[in-house]
Amino acid sequence: MTITGRKRLLCTAGAGLLIFLPALAGFGGEPFMVSLFSRILIYAIAAVSLDLLLGFGAMVSLGHAAFFGVGAYVVAILAFHASQGAPPDAGLLSLAGTNNALIAWPLAVMVSALVACVIGALSLRTSGIHFIMITLAFAQMLFYFFDSLQAYGGDDGLSIWRRNDLAGLDLADDTTFYYVCLTSLGIFLLLCRRLVQSRFGMVIRGCAQNEQRMRALGFPTYRYKLLCFAIAGAGAGLAGALIANQTEYVSPSLLHWTRSGELLVMVILGGMGTLIGPVFGAMTLLLGEDVLAMFTEHWQLYLGPFLVLIVLTTRRGVYGLLIGRGGHGD
Amino acid sequence: MLLLLEQIFNGLQLGVMLFLMAAGLTLVFGIMRLINLAHGSMYMLGAFVAATVTEASGSFLLGLLAALPAAAAVGWLIEALVLRHLYARDHLDQVLATFGLLLFFNALVQILWGRQPLFMDVPAVLAGSVELIPGVPYPAFRLAIIVTGLLVAGALYFLISHTRLGMQIRASASNREMAEAIGINTPMLYSLVFALGAALAGLAGSMAAPILAVESGMGESILIETFVVIVIGGLGSIRGAFLGALLVGLVDTLARAFLPTLLRSLLPAAAADGAGASLASMSIYMLMAAVLLWRPRGLFPAPA
């Protein structure tokens, strides 16, 4: 079978599994799988957004979890205001709260995109290891910022009383929420695919290969990269909004650099530069953690060397292994 | 005034601790171009070994003497098994592989020593305070840390600039191929440099053990601060690591000590405390961002 054929088979099989998962879970008597897979889908969205940066733009960001956390906190803060009113000295943030997903989620996306714009504007003046470090620094800054917000729980985090209302759908039902996550992932993947195959995507990929050449051709590379950074941040913000609903709890640990590390792992494990790869990466990592945790509480002991092995031996991650790529991808 | 002096000393103490971590990390990056997220794990291992041996033998010195070779040995091992294959890879692969090592060591420590943090007493001989400046008693142990750090800094400086080994290290840092061409045994040199860096991290860990809780994951917070130090100081530069470490140590300590109080004159008390605490914890990251935007190669970069 050709690579394209294998790709199609794999993606169809994967999509089929995901679409029929709640039914399969019900059949197998493991309803918790639905919420596990909701989590996988949410992290997949965040990982795909990081792949835009990493796989296509060659911008290694160790601070992507910051946008994930910002999105989650926007939803959580709005829900908190809705149920308990704004805290007395909130000042600028004394918005009326809302539990309406159609307001909270786009707001989360916009705030994350804005934060990404600011961070990107400053970080993209550097490159290489300095870019990695400065994105890390900004993420840590945001982590400490949310950690210090005593009004919103500080490092204890903030609980949400219930999930948002999405146009009459009952998101408290795990299956409905699962399909909302699946639809979001599907839409986001389609958007990213269109983006990557557009002129914008070509410029970004060109910048990854040789930025000087792109500048010589007349493209304002800084602006393109900044826009890419903002879009990636927006995607992570959407994932954050969903995770706040899924766990009904947010805490600063969502922004910690080790979370960014996990996202990086999902992208690279799954296969960067492929968009679908990170979905497999998220699945592999989170399922792997869960499966290993059944056997031993020290699953990190095995995950660590497994990561090292994957890095040392494969070029395109798990996705690449499955479809049989080696060496130069197409 | 006395509080200021005491906090300056605390800042120096944090600074030399950061320097011990940063020296190894910056050497490894400067020579081998390797980002090593597992450096914090050497710190953690040093602390655990020191705590265990001190507990078993009753002697802090013995604990220290056990921790250094233990950290160096583990460092040598991971260099030979894993890191050697990463020198040619791009930074992303290095981040991922060393992140894997970090997870592995966190879990290993939990298996070998359990999940409860270990506590280690300050050695009796250093348990009191010393009045360096009349009226300012300062814990003797912290003073010992400062002195040790400065001695190590001096020794490193001597090693790098006045010995043959140091010359080879500098040569490999500026031009690896040329150094190999003139006969320097670069693989052996890399292993040595890495083991040295690991030993320094282990030393930092063993000295931090009586002051902090010795637990799995303790390396992560200091690792981040160490990265901030070497970026501010300049990657590959020991002088940069030293000055950067002192700067970061002082800024962090003084900000945490005085920012809430300073802000009280501008904001109401509760808001000032909250904002002060959050700004203080963000202070070194803001410093790093500012330095990177002003001097992208760091304040004291190694000559290119």
# chains A, B, ... in the order shown; residues from 1 in each chain; ligands from 1
call {"tool": "interface_residues", "arguments": {"of": "chain B", "to": "chain A", "cutoff": "8 Å", "atoms": "only C-alpha atoms", "output": "PyMOL selection string"}}
result
chain B and resi 82+85-86+91-93+96-108+110-111+227-228+231+271+274-275+277-279+281-282+285-286+288-289+292-293+296
call {"tool": "residues_around", "arguments": {"residues": "Pro134 in chain B", "least_positions_apart": "4", "cutoff": "12 Å", "atoms": "only C-alpha atoms", "output": "CSV table (one decimal) with N, CA and C atoms, in the first residue's frame"}}
result
chain,number,residue,atom,x,y,z
B,2,LEU,N,19.5,47.0,58.5
B,2,LEU,CA,20.0,45.7,58.8
B,2,LEU,C,19.3,44.6,58.0
B,5,LEU,N,20.9,44.5,54.6
B,5,LEU,CA,22.1,43.8,54.6
B,5,LEU,C,21.9,42.3,54.6
B,129,SER,N,25.0,31.3,64.5
B,129,SER,CA,25.1,32.5,63.6
B,129,SER,C,26.4,33.2,63.8
B,130,VAL,N,26.8,33.9,62.8
B,130,VAL,CA,28.0,34.6,62.8
B,130,VAL,C,27.7,36.1,62.7
B,138,TYR,N,24.1,36.4,61.1
B,138,TYR,CA,23.7,35.7,59.9
B,138,TYR,C,24.0,34.2,60.1
call {"tool": "select_by_dssp", "arguments": {"residues": "range 72-224 of chain A", "states": "strand (DSSP E or B)", "output": "list of chain:residue names"}}
result
A:Asn100, A:Leu158, A:Ser159, A:Asp165, A:Leu166, A:Leu169
call {"tool": "residues_around", "arguments": {"residues": "Leu235 in chain B", "least_positions_apart": "6", "cutoff": "9 Å", "atoms": "only C-alpha atoms", "output": "count of residues only"}}
result
11
call {"tool": "closest_residue", "arguments": {"among": "B:Ser206, B:Asn185, B:Asn10, B:Ser161", "to": "Phe60 in chain B", "atoms": "only C-alpha atoms"}}
result
B:Ser206
call {"tool": "atom_distance", "arguments": {"atom1": "CA of Cys207 in chain A", "atom2": "CA of Leu227 in chain A"}}
result
12.9 Å
call {"tool": "closest_residue", "arguments": {"among": "A:Val70, A:Ile276, A:Met33, A:Ile3", "to": "Ala113 in chain A", "atoms": "only C-alpha atoms"}}
result
A:Val70
call {"tool": "select_by_dssp", "arguments": {"residues": "range 16-264 of chain A", "states": "alpha helix (DSSP H)", "output": "mmCIF file with C-alpha atoms, in the first residue's frame"}}
result
data_model
loop_
_atom_site.group_PDB
_atom_site.id
_atom_site.type_symbol
_atom_site.label_atom_id
_atom_site.label_comp_id
_atom_site.auth_asym_id
_atom_site.auth_seq_id
_atom_site.Cartn_x
_atom_site.Cartn_y
_atom_site.Cartn_z
ATOM 1 C CA GLY A 16 -14.248 5.950 12.945
ATOM 2 C CA LEU A 17 -12.940 5.017 16.363
ATOM 3 C CA LEU A 18 -13.450 8.522 17.638
ATOM 4 C CA ILE A 19 -16.924 8.943 16.201
ATOM 5 C CA PHE A 20 -18.217 5.656 17.566
ATOM 6 C CA LEU A 21 -16.311 5.800 20.816
ATOM 7 C CA PRO A 22 -19.225 6.543 23.152
ATOM 8 C CA ALA A 23 -21.134 3.621 21.714
ATOM 9 C CA LEU A 24 -18.109 1.341 22.010
ATOM 10 C CA ALA A 25 -17.464 2.513 25.544
ATOM 11 C CA GLY A 26 -21.056 1.814 26.487
ATOM 12 C CA PHE A 27 -20.804 -1.643 24.930
ATOM 13 C CA GLY A 28 -17.611 -2.451 26.728
ATOM 14 C CA PHE A 32 -15.193 6.599 31.843
ATOM 15 C CA MET A 33 -13.480 6.164 28.475
ATOM 16 C CA VAL A 34 -15.711 8.921 27.157
ATOM 17 C CA SER A 35 -14.321 11.472 29.557
ATOM 18 C CA LEU A 36 -10.783 10.159 29.050
ATOM 19 C CA PHE A 37 -11.149 10.607 25.315
ATOM 20 C CA SER A 38 -12.686 14.058 25.777
ATOM 21 C CA ARG A 39 -9.478 14.974 27.555
ATOM 22 C CA ILE A 40 -7.429 13.431 24.766
ATOM 23 C CA LEU A 41 -9.328 15.441 22.153
ATOM 24 C CA ILE A 42 -8.843 18.677 24.088
ATOM 25 C CA TYR A 43 -5.118 18.128 24.413
ATOM 26 C CA ALA A 44 -5.074 17.177 20.747
ATOM 27 C CA ILE A 45 -6.416 20.620 19.855
ATOM 28 C CA ALA A 46 -3.664 22.250 21.920
ATOM 29 C CA ALA A 47 -1.047 19.971 20.366
ATOM 30 C CA VAL A 48 -2.234 20.690 16.823
ATOM 31 C CA SER A 49 -1.995 24.411 17.528
ATOM 32 C CA LEU A 50 1.569 23.892 18.728
ATOM 33 C CA ASP A 51 2.304 21.905 15.581
ATOM 34 C CA ALA A 65 0.773 26.052 27.929
ATOM 35 C CA ALA A 66 0.432 29.707 28.896
ATOM 36 C CA PHE A 67 -2.248 30.257 26.236
ATOM 37 C CA PHE A 68 -3.897 26.990 27.221
ATOM 38 C CA GLY A 69 -4.111 28.206 30.799
ATOM 39 C CA VAL A 70 -5.237 31.714 29.873
ATOM 40 C CA GLY A 71 -8.169 30.315 27.894
ATOM 41 C CA ALA A 72 -9.112 28.069 30.798
ATOM 42 C CA TYR A 73 -8.907 30.907 33.308
ATOM 43 C CA VAL A 74 -11.064 33.226 31.169
ATOM 44 C CA VAL A 75 -13.856 30.654 31.196
ATOM 45 C CA ALA A 76 -13.360 29.925 34.882
ATOM 46 C CA ILE A 77 -13.303 33.572 35.911
ATOM 47 C CA LEU A 78 -16.452 34.332 33.924
ATOM 48 C CA ALA A 79 -18.189 31.342 35.502
ATOM 49 C CA PHE A 80 -17.009 32.444 38.937
ATOM 50 C CA HIS A 81 -18.337 35.950 38.397
ATOM 51 C CA ALA A 82 -21.629 34.524 37.188
ATOM 52 C CA SER A 83 -22.140 32.390 40.265
ATOM 53 C CA GLN A 84 -20.599 34.513 42.983
ATOM 54 C CA ALA A 101 -20.384 29.161 26.060
ATOM 55 C CA LEU A 102 -21.169 31.242 22.994
ATOM 56 C CA ILE A 103 -19.786 34.262 24.843
ATOM 57 C CA ALA A 104 -17.179 32.695 27.097
ATOM 58 C CA TRP A 105 -15.430 30.493 24.545
ATOM 59 C CA PRO A 106 -14.883 33.105 21.830
ATOM 60 C CA LEU A 107 -13.741 35.486 24.560
ATOM 61 C CA ALA A 108 -11.260 32.885 25.791
ATOM 62 C CA VAL A 109 -9.964 32.457 22.241
ATOM 63 C CA MET A 110 -9.642 36.198 21.719
ATOM 64 C CA VAL A 111 -7.874 36.815 25.029
ATOM 65 C CA SER A 112 -5.421 33.981 24.335
ATOM 66 C CA ALA A 113 -4.788 35.353 20.868
ATOM 67 C CA LEU A 114 -4.165 38.792 22.313
ATOM 68 C CA VAL A 115 -1.763 37.477 24.930
ATOM 69 C CA ALA A 116 -0.029 35.486 22.188
ATOM 70 C CA CYS A 117 0.271 38.653 20.122
ATOM 71 C CA VAL A 118 1.966 40.483 22.956
ATOM 72 C CA ILE A 119 4.293 37.624 23.846
ATOM 73 C CA GLY A 120 5.009 36.892 20.205
ATOM 74 C CA ALA A 121 5.751 40.505 19.394
ATOM 75 C CA LEU A 122 8.520 40.494 21.977
ATOM 76 C CA SER A 123 9.770 36.932 21.562
ATOM 77 C CA GLY A 128 17.031 29.793 18.270
ATOM 78 C CA ILE A 129 17.690 28.947 21.875
ATOM 79 C CA HIS A 130 16.922 32.487 22.978
ATOM 80 C CA PHE A 131 13.441 32.181 21.525
ATOM 81 C CA ILE A 132 12.935 28.951 23.463
ATOM 82 C CA MET A 133 14.084 30.613 26.656
ATOM 83 C CA ILE A 134 12.096 33.782 26.261
ATOM 84 C CA THR A 135 8.848 31.925 25.553
ATOM 85 C CA LEU A 136 9.582 29.891 28.661
ATOM 86 C CA ALA A 137 10.129 33.075 30.643
ATOM 87 C CA PHE A 138 6.848 34.626 29.562
ATOM 88 C CA ALA A 139 4.969 31.439 30.338
ATOM 89 C CA GLN A 140 6.477 31.327 33.809
ATOM 90 C CA MET A 141 5.540 34.974 34.285
ATOM 91 C CA LEU A 142 1.927 34.173 33.511
ATOM 92 C CA PHE A 143 2.101 31.118 35.763
ATOM 93 C CA TYR A 144 3.221 33.257 38.681
ATOM 94 C CA PHE A 145 0.664 35.890 37.777
ATOM 95 C CA PHE A 146 -2.238 33.452 38.040
ATOM 96 C CA ASP A 147 -0.636 31.847 41.085
ATOM 97 C CA ASP A 174 -20.363 13.430 29.076
ATOM 98 C CA THR A 175 -21.347 12.082 25.678
ATOM 99 C CA THR A 176 -22.692 15.410 24.446
ATOM 100 C CA PHE A 177 -19.556 17.137 25.689
ATOM 101 C CA TYR A 178 -17.426 14.515 23.965
ATOM 102 C CA TYR A 179 -19.068 15.244 20.626
ATOM 103 C CA VAL A 180 -18.625 18.975 21.155
ATOM 104 C CA CYS A 181 -14.901 18.376 21.678
ATOM 105 C CA LEU A 182 -14.743 16.105 18.650
ATOM 106 C CA THR A 183 -16.487 18.689 16.480
ATOM 107 C CA SER A 184 -14.153 21.401 17.745
ATOM 108 C CA LEU A 185 -11.135 19.275 16.906
ATOM 109 C CA GLY A 186 -12.527 18.528 13.477
ATOM 110 C CA ILE A 187 -13.211 22.163 12.697
ATOM 111 C CA PHE A 188 -9.836 23.243 14.029
ATOM 112 C CA LEU A 189 -8.017 20.602 12.005
ATOM 113 C CA LEU A 190 -9.829 21.687 8.859
ATOM 114 C CA LEU A 191 -8.985 25.322 9.546
ATOM 115 C CA CYS A 192 -5.349 24.505 10.110
ATOM 116 C CA ARG A 193 -5.189 22.419 6.988
ATOM 117 C CA ARG A 194 -6.607 25.281 4.906
ATOM 118 C CA LEU A 195 -4.196 27.659 6.595
ATOM 119 C CA VAL A 196 -1.159 25.518 5.947
ATOM 120 C CA GLN A 197 -2.043 24.975 2.300
ATOM 121 C CA ARG A 199 -0.261 31.319 0.657
ATOM 122 C CA PHE A 200 0.129 32.224 4.307
ATOM 123 C CA GLY A 201 1.097 28.652 5.068
ATOM 124 C CA MET A 202 3.635 28.617 2.279
ATOM 125 C CA VAL A 203 5.275 31.781 3.586
ATOM 126 C CA ILE A 204 5.457 30.291 7.069
ATOM 127 C CA ARG A 205 7.004 27.103 5.753
ATOM 128 C CA GLY A 206 9.404 29.167 3.721
ATOM 129 C CA CYS A 207 10.421 31.085 6.812
ATOM 130 C CA ALA A 208 11.115 27.807 8.551
ATOM 131 C CA GLN A 209 13.430 26.729 5.759
ATOM 132 C CA GLU A 211 14.024 33.210 6.538
ATOM 133 C CA GLN A 212 16.593 35.344 4.826
ATOM 134 C CA ARG A 213 15.441 34.103 1.464
ATOM 135 C CA MET A 214 11.836 34.968 2.283
ATOM 136 C CA ARG A 215 12.861 38.444 3.336
ATOM 137 C CA ALA A 216 14.850 38.824 0.148
ATOM 138 C CA THR A 221 8.474 37.621 7.811
ATOM 139 C CA TYR A 222 8.091 39.053 11.308
ATOM 140 C CA ARG A 223 4.438 39.865 10.663
ATOM 141 C CA TYR A 224 3.709 36.447 9.205
ATOM 142 C CA LYS A 225 5.345 34.680 12.095
ATOM 143 C CA LEU A 226 3.528 36.872 14.594
ATOM 144 C CA LEU A 227 0.194 36.037 13.004
ATOM 145 C CA CYS A 228 1.048 32.357 13.085
ATOM 146 C CA PHE A 229 1.966 32.676 16.756
ATOM 147 C CA ALA A 230 -1.334 34.415 17.501
ATOM 148 C CA ILE A 231 -3.381 31.783 15.666
ATOM 149 C CA ALA A 232 -1.579 29.026 17.539
ATOM 150 C CA GLY A 233 -2.291 30.850 20.787
ATOM 151 C CA ALA A 234 -5.952 31.146 19.837
ATOM 152 C CA GLY A 235 -6.139 27.391 19.226
ATOM 153 C CA ALA A 236 -4.581 26.684 22.593
ATOM 154 C CA GLY A 237 -7.069 29.108 24.138
ATOM 155 C CA LEU A 238 -9.964 27.131 22.681
ATOM 156 C CA ALA A 239 -8.491 23.947 24.138
ATOM 157 C CA GLY A 240 -8.171 25.752 27.464
ATOM 158 C CA ALA A 241 -11.826 26.785 27.411
ATOM 159 C CA LEU A 242 -12.775 23.152 26.827
ATOM 160 C CA ILE A 243 -10.517 21.780 29.557
ATOM 161 C CA ALA A 244 -12.002 24.212 32.069
ATOM 162 C CA ASN A 245 -15.372 22.717 31.241
ATOM 163 C CA GLN A 246 -14.153 19.157 31.218
ATOM 164 C CA THR A 247 -12.500 19.167 34.625
ATOM 165 C CA TRP A 257 6.389 24.831 31.888
ATOM 166 C CA THR A 258 6.205 21.097 32.399
ATOM 167 C CA ARG A 259 2.744 21.258 30.808
ATOM 168 C CA SER A 260 4.326 23.013 27.833
ATOM 169 C CA GLY A 261 6.850 20.204 27.809
ATOM 170 C CA GLU A 262 4.018 17.673 27.668
ATOM 171 C CA LEU A 263 2.485 19.469 24.708
ATOM 172 C CA LEU A 264 5.846 19.433 22.948
#
call {"tool": "atom_distance", "arguments": {"atom1": "CA of Ala71 in chain B", "atom2": "CA of Ala195 in chain B"}}
result
7.7 Å
call {"tool": "residues_around", "arguments": {"residues": "Tyr249 in chain A", "least_positions_apart": "5", "cutoff": "6 Å", "atoms": "only C-alpha atoms", "output": "PyMOL selection string"}}
result
chain A and resi 158-160+244
call {"tool": "write_last_selection", "arguments": {"atoms": "N, CA and C atoms", "output": "PDB file, in the first residue's frame"}}
result
ATOM      1  N   LEU A 158      -9.278  27.189  41.015  1.00  0.00           N
ATOM      2  CA  LEU A 158     -10.641  27.698  41.054  1.00  0.00           C
ATOM      3  C   LEU A 158     -11.573  26.615  40.554  1.00  0.00           C
ATOM      4  N   SER A 159     -12.595  26.307  41.324  1.00  0.00           N
ATOM      5  CA  SER A 159     -13.575  25.325  40.864  1.00  0.00           C
ATOM      6  C   SER A 159     -14.715  26.016  40.167  1.00  0.00           C
ATOM      7  N   ILE A 160     -15.261  25.352  39.177  1.00  0.00           N
ATOM      8  CA  ILE A 160     -16.446  25.874  38.483  1.00  0.00           C
ATOM      9  C   ILE A 160     -17.612  24.997  38.904  1.00  0.00           C
ATOM     10  N   ALA A 244     -11.377  23.639  30.876  1.00  0.00           N
ATOM     11  CA  ALA A 244     -12.002  24.212  32.069  1.00  0.00           C
ATOM     12  C   ALA A 244     -13.375  23.587  32.268  1.00  0.00           C
TER      13      ALA A 244
END
call {"tool": "residues_around", "arguments": {"residues": "Gly11 in chain B", "least_positions_apart": "4", "cutoff": "9 Å", "atoms": "only C-alpha atoms", "output": "list in words"}}
result
Glu6, Gln7, Gly15, Val16, Leu246, Leu247, Val248, Gly249, Leu250, Val251, Asp252, Thr253 and Leu254 of chain B
call {"tool": "atom_distance", "arguments": {"atom1": "CA of Thr313 in chain A", "atom2": "CA of Ile35 in chain B"}}
result
19.0 Å
